[in-house]
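**Student:** Below is entry.cif; it holds mmCIF, C-alpha atoms and all ligand atoms.
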data_model
#
loop_
_atom_site.label_atom_id
_atom_site.label_comp_id
_atom_site.auth_asym_id
_atom_site.auth_seq_id
_atom_site.Cartn_x
_atom_site.Cartn_y
_atom_site.Cartn_z
CA MET A 1 170.75 20.17 24.02
CA ARG A 2 173.59 22.57 23.14
CA LYS A 3 174.64 24.92 25.94
CA ILE A 4 175.33 28.61 25.34
CA VAL A 5 178.84 29.34 26.65
CA ILE A 6 180.22 32.88 26.61
CA ALA A 7 183.84 32.94 27.72
CA GLY A 8 186.18 35.87 28.23
CA ASN A 9 189.83 35.06 27.60
CA TRP A 10 191.90 37.59 29.51
CA LYS A 11 195.16 36.28 28.00
CA MET A 12 198.13 37.91 29.81
CA TYR A 13 196.15 40.82 31.23
CA LYS A 14 195.10 41.72 34.80
CA THR A 15 196.87 41.47 38.12
CA GLN A 16 194.94 40.07 41.09
CA ALA A 17 193.89 43.57 42.14
CA GLU A 18 192.67 44.33 38.63
CA SER A 19 190.76 41.05 38.42
CA LEU A 20 188.89 41.86 41.67
CA GLU A 21 188.13 45.34 40.40
CA PHE A 22 186.64 43.75 37.28
CA LEU A 23 184.39 41.51 39.37
CA GLN A 24 183.06 44.48 41.30
CA GLY A 25 181.97 46.16 38.11
CA PHE A 26 180.75 43.02 36.38
CA MET A 27 178.66 40.93 38.76
CA SER A 28 175.65 43.26 39.09
CA HIS A 29 175.10 43.11 35.31
CA LEU A 30 174.51 39.36 35.54
CA GLU A 31 171.16 39.84 37.23
CA GLU A 32 169.63 40.26 33.79
CA THR A 33 171.56 37.38 32.18
CA PRO A 34 169.33 34.39 31.33
CA GLN A 35 170.21 31.51 33.68
CA GLU A 36 170.86 29.04 30.89
CA ARG A 37 173.80 31.08 29.55
CA GLU A 38 177.08 29.88 30.99
CA VAL A 39 179.46 32.76 31.71
CA VAL A 40 183.15 31.86 31.91
CA ILE A 41 186.30 33.87 32.63
CA ALA A 42 189.65 32.45 31.52
CA ALA A 43 192.05 34.33 33.75
CA PRO A 44 195.84 34.14 34.18
CA PHE A 45 196.93 31.39 36.61
CA THR A 46 197.82 33.94 39.30
CA ASP A 47 194.25 35.36 39.34
CA LEU A 48 192.33 32.09 39.48
CA SER A 49 192.59 31.41 43.19
CA ILE A 50 191.52 34.86 44.34
CA LEU A 51 188.71 34.99 41.78
CA SER A 52 187.50 31.61 42.98
CA LYS A 53 187.38 32.85 46.59
CA ASN A 54 185.39 35.88 45.52
CA LEU A 55 182.86 34.09 43.33
CA HIS A 56 180.39 32.86 45.89
CA ASN A 57 177.98 31.17 43.52
CA ASN A 58 178.37 29.38 40.23
CA ARG A 59 177.13 32.28 38.10
CA VAL A 60 180.62 32.80 36.70
CA LEU A 61 182.77 29.76 36.06
CA LEU A 62 186.53 29.92 35.91
CA SER A 63 188.78 28.69 33.15
CA ALA A 64 192.52 28.31 32.86
CA GLN A 65 194.32 29.14 29.62
CA ASN A 66 196.52 26.04 29.49
CA ILE A 67 197.13 22.70 31.22
CA HIS A 68 199.96 20.17 31.18
CA TRP A 69 199.27 16.56 30.22
CA GLU A 70 201.08 14.99 33.17
CA GLN A 71 199.58 14.89 36.66
CA GLU A 72 202.82 16.15 38.22
CA GLY A 73 206.54 16.07 37.58
CA ALA A 74 209.63 18.01 36.61
CA TYR A 75 207.97 20.33 34.10
CA THR A 76 209.13 23.81 35.05
CA GLY A 77 206.56 26.46 34.28
CA GLU A 78 203.63 24.09 33.75
CA ILE A 79 200.34 23.59 35.64
CA SER A 80 198.49 20.32 36.21
CA GLY A 81 194.78 19.64 36.12
CA SER A 82 194.52 18.82 39.83
CA MET A 83 196.14 22.17 40.69
CA LEU A 84 193.31 23.80 38.77
CA THR A 85 190.39 21.73 40.00
CA GLU A 86 191.53 22.11 43.63
CA ILE A 87 190.86 25.86 43.43
CA GLY A 88 187.51 25.50 41.69
CA VAL A 89 188.47 25.90 38.02
CA ARG A 90 185.98 24.21 35.65
CA TYR A 91 187.20 24.91 32.11
CA VAL A 92 190.53 25.12 30.34
CA ILE A 93 191.36 26.60 26.92
CA VAL A 94 193.46 24.20 24.85
CA GLY A 95 195.22 24.87 21.55
CA HIS A 96 194.61 28.61 21.32
CA SER A 97 196.30 29.91 18.18
CA GLU A 98 198.64 32.04 20.31
CA ARG A 99 199.89 28.86 22.01
CA ARG A 100 200.24 27.16 18.63
CA GLN A 101 202.05 30.17 17.15
CA TYR A 102 204.38 31.24 19.98
CA PHE A 103 204.83 28.16 22.16
CA GLY A 104 205.14 25.25 19.78
CA GLU A 105 201.72 23.72 20.43
CA THR A 106 200.91 21.00 17.90
CA ASP A 107 197.79 18.93 17.24
CA GLU A 108 199.52 16.10 19.13
CA THR A 109 200.23 18.16 22.27
CA VAL A 110 196.73 19.63 22.01
CA ASN A 111 195.37 16.09 22.05
CA ARG A 112 197.38 15.20 25.16
CA ARG A 113 196.21 18.32 26.99
CA LEU A 114 192.56 17.68 26.05
CA LYS A 115 192.70 14.17 27.49
CA ALA A 116 194.48 15.36 30.65
CA ALA A 117 191.79 18.01 31.20
CA GLN A 118 189.00 15.48 30.85
CA ARG A 119 190.73 12.96 33.13
CA CYS A 120 190.49 15.41 36.01
CA GLY A 121 186.98 16.61 35.22
CA LEU A 122 187.75 19.90 33.50
CA THR A 123 185.86 20.85 30.35
CA PRO A 124 188.34 21.76 27.64
CA ILE A 125 187.63 24.50 25.10
CA LEU A 126 189.47 23.35 21.99
CA CYS A 127 190.43 26.22 19.65
CA VAL A 128 190.72 25.67 15.91
CA GLY A 129 191.03 28.10 13.03
CA GLU A 130 192.93 29.12 9.94
CA SER A 131 195.42 31.90 9.20
CA LYS A 132 194.79 34.57 6.56
CA GLU A 133 197.18 32.85 4.19
CA GLN A 134 195.49 29.47 4.66
CA ARG A 135 192.11 31.06 3.99
CA GLU A 136 193.37 32.79 0.84
CA ASN A 137 194.83 29.50 -0.38
CA GLY A 138 191.47 27.77 0.09
CA GLU A 139 192.82 25.58 2.90
CA THR A 140 190.34 26.55 5.64
CA GLU A 141 188.24 23.40 5.49
CA SER A 142 191.09 20.89 5.20
CA LEU A 143 193.09 22.59 7.98
CA ILE A 144 190.16 22.55 10.37
CA VAL A 145 189.28 18.95 9.57
CA THR A 146 192.91 17.99 10.30
CA GLN A 147 193.01 19.98 13.56
CA LEU A 148 189.85 18.18 14.68
CA LYS A 149 190.87 14.75 13.51
CA LYS A 150 194.28 14.85 15.19
CA GLY A 151 193.21 16.87 18.21
CA LEU A 152 190.24 14.69 19.08
CA VAL A 153 191.81 11.22 19.00
CA ASP A 154 190.36 9.35 22.01
CA VAL A 155 188.77 12.55 23.36
CA ASP A 156 185.35 12.26 25.02
CA GLN A 157 182.97 14.47 23.05
CA GLN A 158 180.46 14.47 25.93
CA ASN A 159 182.64 16.92 27.84
CA LEU A 160 183.97 19.33 25.27
CA VAL A 161 183.49 22.84 23.89
CA ILE A 162 185.02 23.91 20.60
CA ALA A 163 185.90 27.48 19.58
CA TYR A 164 186.25 28.42 15.94
CA GLU A 165 188.74 31.27 15.91
CA PRO A 166 189.98 32.39 12.51
CA ILE A 167 193.46 33.72 13.31
CA TRP A 168 193.08 36.72 10.99
CA ALA A 169 190.08 37.89 13.03
CA ILE A 170 191.80 37.76 16.43
CA GLY A 171 192.56 41.18 17.88
CA THR A 172 192.24 42.84 14.48
CA GLY A 173 188.71 44.23 14.57
CA ASP A 174 188.22 42.27 11.35
CA THR A 175 185.38 39.96 12.46
CA CYS A 176 184.55 36.96 10.32
CA ASP A 177 181.27 37.54 8.54
CA SER A 178 178.56 35.91 10.70
CA PRO A 179 177.12 33.68 7.95
CA GLU A 180 180.65 32.53 7.10
CA ALA A 181 181.41 31.76 10.76
CA ASN A 182 178.12 29.89 10.84
CA ARG A 183 179.12 27.88 7.77
CA VAL A 184 182.52 26.87 9.17
CA ILE A 185 180.98 25.98 12.52
CA GLY A 186 178.47 23.80 10.65
CA LEU A 187 181.44 22.07 9.01
CA ILE A 188 183.05 21.54 12.44
CA ARG A 189 179.81 20.04 13.72
CA SER A 190 179.66 17.65 10.79
CA GLN A 191 183.04 16.22 11.90
CA LEU A 192 181.88 15.38 15.43
CA ASN A 193 180.20 12.26 16.76
CA ASN A 194 178.19 14.14 19.40
CA PRO A 195 175.61 16.64 18.06
CA HIS A 196 175.38 18.33 21.48
CA VAL A 197 178.90 19.82 21.54
CA SER A 198 178.72 23.61 21.99
CA ILE A 199 180.73 25.48 19.36
CA GLN A 200 181.76 29.08 19.95
CA TYR A 201 182.92 31.76 17.57
CA GLY A 202 185.97 33.86 18.54
CA GLY A 203 187.73 36.74 16.81
CA SER A 204 186.94 40.45 17.41
CA VAL A 205 183.64 39.74 19.15
CA LYS A 206 182.41 43.12 20.43
CA PRO A 207 179.28 44.58 22.00
CA ASN A 208 178.24 45.85 18.58
CA ASN A 209 178.41 42.54 16.73
CA ILE A 210 177.46 39.93 19.37
CA ASP A 211 173.71 40.09 18.63
CA GLU A 212 174.28 39.26 14.97
CA ILE A 213 176.79 36.51 15.77
CA MET A 214 174.50 34.83 18.30
CA ALA A 215 171.57 35.00 15.88
CA GLN A 216 173.33 32.42 13.70
CA PRO A 217 171.83 28.96 14.20
CA GLU A 218 175.11 27.00 14.46
CA ILE A 219 176.85 29.38 16.88
CA ASP A 220 176.50 28.44 20.56
CA GLY A 221 178.58 31.11 22.22
CA ALA A 222 181.66 33.26 21.95
CA LEU A 223 185.29 33.26 23.03
CA VAL A 224 186.03 36.92 23.64
CA GLY A 225 189.47 38.46 24.03
CA GLY A 226 189.87 42.25 24.19
CA ALA A 227 186.20 43.02 24.79
CA SER A 228 186.13 40.80 27.90
CA LEU A 229 188.58 43.04 29.77
CA GLU A 230 186.11 45.80 30.61
CA PRO A 231 183.12 44.92 32.83
CA GLU A 232 180.57 46.94 30.83
CA SER A 233 181.70 45.63 27.50
CA PHE A 234 181.77 41.96 28.59
CA ALA A 235 178.43 42.41 30.36
CA ARG A 236 176.86 43.70 27.14
CA ILE A 237 178.23 40.62 25.36
CA VAL A 238 176.91 38.07 27.86
CA ASN A 239 173.58 39.92 27.85
CA TYR A 240 173.25 39.81 24.06
CA LYS A 241 169.72 40.17 22.67
O1 LIG B 301 190.49 33.90 22.85
C1 LIG B 301 190.04 34.91 22.32
C2 LIG B 301 190.40 35.27 20.98
O2 LIG B 301 191.75 35.14 20.73
C3 LIG B 301 189.77 36.50 20.45
O3 LIG B 301 190.43 37.68 20.82
P1 LIG B 301 189.77 39.09 20.40
O4 LIG B 301 188.36 39.06 20.87
O5 LIG B 301 190.61 40.12 21.12
O6 LIG B 301 189.86 39.18 18.92
#
Kindly transcribe the structure held in the file into structure tokens.
Ligand SMILES: O=C[C@H](O)COP(=O)(O)O

**Tutor:**
Amino acid sequence: MRKIVIAGNWKMYKTQAESLEFLQGFMSHLEETPQEREVVIAAPFTDLSILSKNLHNNRVLLSAQNIHWEQEGAYTGEISGSMLTEIGVRYVIVGHSERRQYFGETDETVNRRLKAAQRCGLTPILCVGESKEQRENGETESLIVTQLKKGLVDVDQQNLVIAYEPIWAIGTGDTCDSPEANRVIGLIRSQLNNPHVSIQYGGSVKPNNIDEIMAQPEIDGALVGGASLEPESFARIVNYK
């Protein structure tokens, strides 16, 4: 059975005070959210602890946006899995295109982070997706197959979510056509050895396109950036029809 997972990725937005203000506006909207939909917020490290203390039930699960592959050590600026699980974090985003583009993330480091997350019981959300240039050159399929093949070496597919995020659709308002997102997600599924892995779509998901995206048979959720920052907008997304 594939789970529906709707995750908001706050990226480098929201102080602690702003994150609590968000919760105040957001939680009441969840009364109408079907129980089987998993709602996740991937907040900056500094917000996770205070959010955890203010989320008194498991209706909203917390995610980090990165994790180091070692359990501890001299790795200035990094965070370990046990530091995250200790404060109640359940998910971690791994291999987001912004980490690949700006911080030197490779399929090999993605693989190490995925395994580290699973070792301490976190569910990783592995991001894959092509750039505009790669799409125009007809490289979408081969790129994604490579990202999966290298990223998933020795990774347990029983505890994994994948997000298909075409880079050209991120933060641009230029959403990938839903049938096309459905097709690529079908291709991703064909590369996996567990048919129950949930696969999200990400890239300019908004209140006005979520219904259409979630109507696609292969799409099991969304990874939402900008539209997850406002309570009403993210609520409309998690409460899609
Ligand atoms: O992780 C989320 C994605 O990068 C999508 O961001 P966006 O919804 O602002 O396009």

**Student:** Would you kindly return, as a PyMOL selection string, each protein, DNA or RNA residue with an atom no farther than 7 Å from any atom of A:Leu160, considering all atoms listed in the file and excluding same-chain residues fewer than 2 positions away?

**Tutor:** chain A and resi 123-125+157-158+162+197

**Student:** Show me which residues line ligand LIG 301 (chain B), defined as having an atom within 9 Å of a ligand atom where all atoms listed in the file count, and present them as a PyMOL selection string.

**Tutor:** chain A and resi 7-11+42+93+96-98+127+163+165-175+201-206+222-228

**Student:** Residues of the last selection are to be written out with C-alpha atoms, as a PDB file, in the coordinates of the input.

**Tutor:**
ATOM      1  CA  ALA A   7     183.840  32.940  27.720  1.00  0.00           C
ATOM      2  CA  GLY A   8     186.180  35.870  28.230  1.00  0.00           C
ATOM      3  CA  ASN A   9     189.830  35.060  27.600  1.00  0.00           C
ATOM      4  CA  TRP A  10     191.900  37.590  29.510  1.00  0.00           C
ATOM      5  CA  LYS A  11     195.160  36.280  28.000  1.00  0.00           C
ATOM      6  CA  ALA A  42     189.650  32.450  31.520  1.00  0.00           C
ATOM      7  CA  ILE A  93     191.360  26.600  26.920  1.00  0.00           C
ATOM      8  CA  HIS A  96     194.610  28.610  21.320  1.00  0.00           C
ATOM      9  CA  SER A  97     196.300  29.910  18.180  1.00  0.00           C
ATOM     10  CA  GLU A  98     198.640  32.040  20.310  1.00  0.00           C
ATOM     11  CA  CYS A 127     190.430  26.220  19.650  1.00  0.00           C
ATOM     12  CA  ALA A 163     185.900  27.480  19.580  1.00  0.00           C
ATOM     13  CA  GLU A 165     188.740  31.270  15.910  1.00  0.00           C
ATOM     14  CA  PRO A 166     189.980  32.390  12.510  1.00  0.00           C
ATOM     15  CA  ILE A 167     193.460  33.720  13.310  1.00  0.00           C
ATOM     16  CA  TRP A 168     193.080  36.720  10.990  1.00  0.00           C
ATOM     17  CA  ALA A 169     190.080  37.890  13.030  1.00  0.00           C
ATOM     18  CA  ILE A 170     191.800  37.760  16.430  1.00  0.00           C
ATOM     19  CA  GLY A 171     192.560  41.180  17.880  1.00  0.00           C
ATOM     20  CA  THR A 172     192.240  42.840  14.480  1.00  0.00           C
ATOM     21  CA  GLY A 173     188.710  44.230  14.570  1.00  0.00           C
ATOM     22  CA  ASP A 174     188.220  42.270  11.350  1.00  0.00           C
ATOM     23  CA  THR A 175     185.380  39.960  12.460  1.00  0.00           C
ATOM     24  CA  TYR A 201     182.920  31.760  17.570  1.00  0.00           C
ATOM     25  CA  GLY A 202     185.970  33.860  18.540  1.00  0.00           C
ATOM     26  CA  GLY A 203     187.730  36.740  16.810  1.00  0.00           C
ATOM     27  CA  SER A 204     186.940  40.450  17.410  1.00  0.00           C
ATOM     28  CA  VAL A 205     183.640  39.740  19.150  1.00  0.00           C
ATOM     29  CA  LYS A 206     182.410  43.120  20.430  1.00  0.00           C
ATOM     30  CA  ALA A 222     181.660  33.260  21.950  1.00  0.00           C
ATOM     31  CA  LEU A 223     185.290  33.260  23.030  1.00  0.00           C
ATOM     32  CA  VAL A 224     186.030  36.920  23.640  1.00  0.00           C
ATOM     33  CA  GLY A 225     189.470  38.460  24.030  1.00  0.00           C
ATOM     34  CA  GLY A 226     189.870  42.250  24.190  1.00  0.00           C
ATOM     35  CA  ALA A 227     186.200  43.020  24.790  1.00  0.00           C
ATOM     36  CA  SER A 228     186.130  40.800  27.900  1.00  0.00           C
TER      37      SER A 228
END

**Student:** Ranking A:Val39, A:Val5, A:Val184, A:Ala235 by minimum distance to A:Glu218 and counting all atoms listed in the file, which one comes first?

**Tutor:**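 The answer is A:Val184, which sits nearest to A:Glu218.
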
**Student:** Let me make sure I understand: among A:Gln16, A:Gln216, A:Ser198, A:Gln118, which one has the smallest atom-to-atom distance to A:Arg37 if we use only C-alpha atoms?

**Tutor:**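 The answer is A:Ser198, which sits nearest to A:Arg37.
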
**Student:** May I have the residues within 12 Å of A:Arg189 as a PyMOL selection string, using all atoms listed in the file and disregarding those fewer than 6 positions away in the same chain?

**Tutor:** chain A and resi 2+144-145+148+157+161-164+182-183+195-200+217-220

**Student:** To one decimal place in Å, what is the distance between atom CA of A:Gly81 and atom CA of A:Val153?

**Tutor:**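 Straight-line distance from atom CA of A:Gly81 to atom CA of A:Val153 works out to 19.3 Å.
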
**Student:** Contacts of stretch 24-28 of chain A at 10 Å or less, counting all atoms listed in the file, minus same-chain residues fewer than 6 places along, as a list in words?

**Tutor:** Glu18, Asn54, Leu55, Arg59, Val60, Glu230, Pro231, Glu232, Ser233, Phe234 and Ala235 of chain A

**Student:** For a quick check of your reading of the model, name the residues lying within 7 Å of the coordinate (201.6, 24.3, 35.8), counting all atoms listed in the file, and write them as a list in words.

**Tutor:**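 Output of the proximity query reads Ile67, His68, Gly77, Glu78, Ile79 and Ser80 of chain A.
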
**Student:** Skip stretch 103-113 of chain A itself and residues of its chain fewer than 6 positions away, then list as a PDB file with C-alpha atoms, in the frame of the given file all residues within 6 Å of it, counting all atoms listed in the file.

**Tutor:**
ATOM      1  CA  HIS A  68     199.960  20.170  31.180  1.00  0.00           C
ATOM      2  CA  TRP A  69     199.270  16.560  30.220  1.00  0.00           C
ATOM      3  CA  GLY A  95     195.220  24.870  21.550  1.00  0.00           C
ATOM      4  CA  LYS A 150     194.280  14.850  15.190  1.00  0.00           C
ATOM      5  CA  GLY A 151     193.210  16.870  18.210  1.00  0.00           C
TER       6      GLY A 151
END

**Student:** Within 10 Å of (197.3, 30.1, 44.5) (coordinates as in the file), grab all the protein and nucleic acid residues, counting all atoms listed in the file, and write them out as number ranges by chain.

**Tutor:** A: 45-50, 83-84, 86-87

**Student:** Residues as selected, C-alpha atoms, written as a PDB file, keeping the file's coordinate frame, can you do that?

**Tutor:**
ATOM      1  CA  PHE A  45     196.930  31.390  36.610  1.00  0.00           C
ATOM      2  CA  THR A  46     197.820  33.940  39.300  1.00  0.00           C
ATOM      3  CA  ASP A  47     194.250  35.360  39.340  1.00  0.00           C
ATOM      4  CA  LEU A  48     192.330  32.090  39.480  1.00  0.00           C
ATOM      5  CA  SER A  49     192.590  31.410  43.190  1.00  0.00           C
ATOM      6  CA  ILE A  50     191.520  34.860  44.340  1.00  0.00           C
ATOM      7  CA  MET A  83     196.140  22.170  40.690  1.00  0.00           C
ATOM      8  CA  LEU A  84     193.310  23.800  38.770  1.00  0.00           C
ATOM      9  CA  GLU A  86     191.530  22.110  43.630  1.00  0.00           C
ATOM     10  CA  ILE A  87     190.860  25.860  43.430  1.00  0.00           C
TER      11      ILE A  87
END

**Student:** Which distance in Å separates atom CA of A:Asp154 and atom CA of A:Gln71, to one decimal?

**Tutor:** 18.2 Å

**Student:** Would you compute the distance between atom CA of A:Thr33 and atom CA of A:Val238? Give it in Å to one decimal.

**Tutor:**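 For atom CA of A:Thr33 relative to atom CA of A:Val238, the distance reads 6.9 Å.
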
**Student:** Tell me which of A:His29, A:Arg100, A:Arg90, A:Lys149 sits closest to A:Glu130, counting all atoms listed in the file.

**Tutor:**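 Comparing A:His29, A:Arg100, A:Arg90, A:Lys149 against A:Glu130, the winner is A:Arg100.
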
**Student:** Please determine, counting all atoms listed in the file, which residue among A:Val89, A:Leu143, A:Leu229, A:Leu62 has the shortest atom-to-atom distance to A:Leu187.

**Tutor:** A:Leu143

**Student:** Which residue is closest to A:Arg99? Choose from A:Ala181, A:Cys176, A:Leu126, A:Ile6 and count only C-alpha atoms.

**Tutor:** A:Leu126

**Student:** Using all atoms listed in the file, which residue out of A:Ala17, A:Ile210, A:Cys120, A:Ala215 lies closest to A:Arg236?

**Tutor:**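 Once distances to A:Arg236 are computed over all atoms listed in the file, the minimum belongs to A:Ile210.
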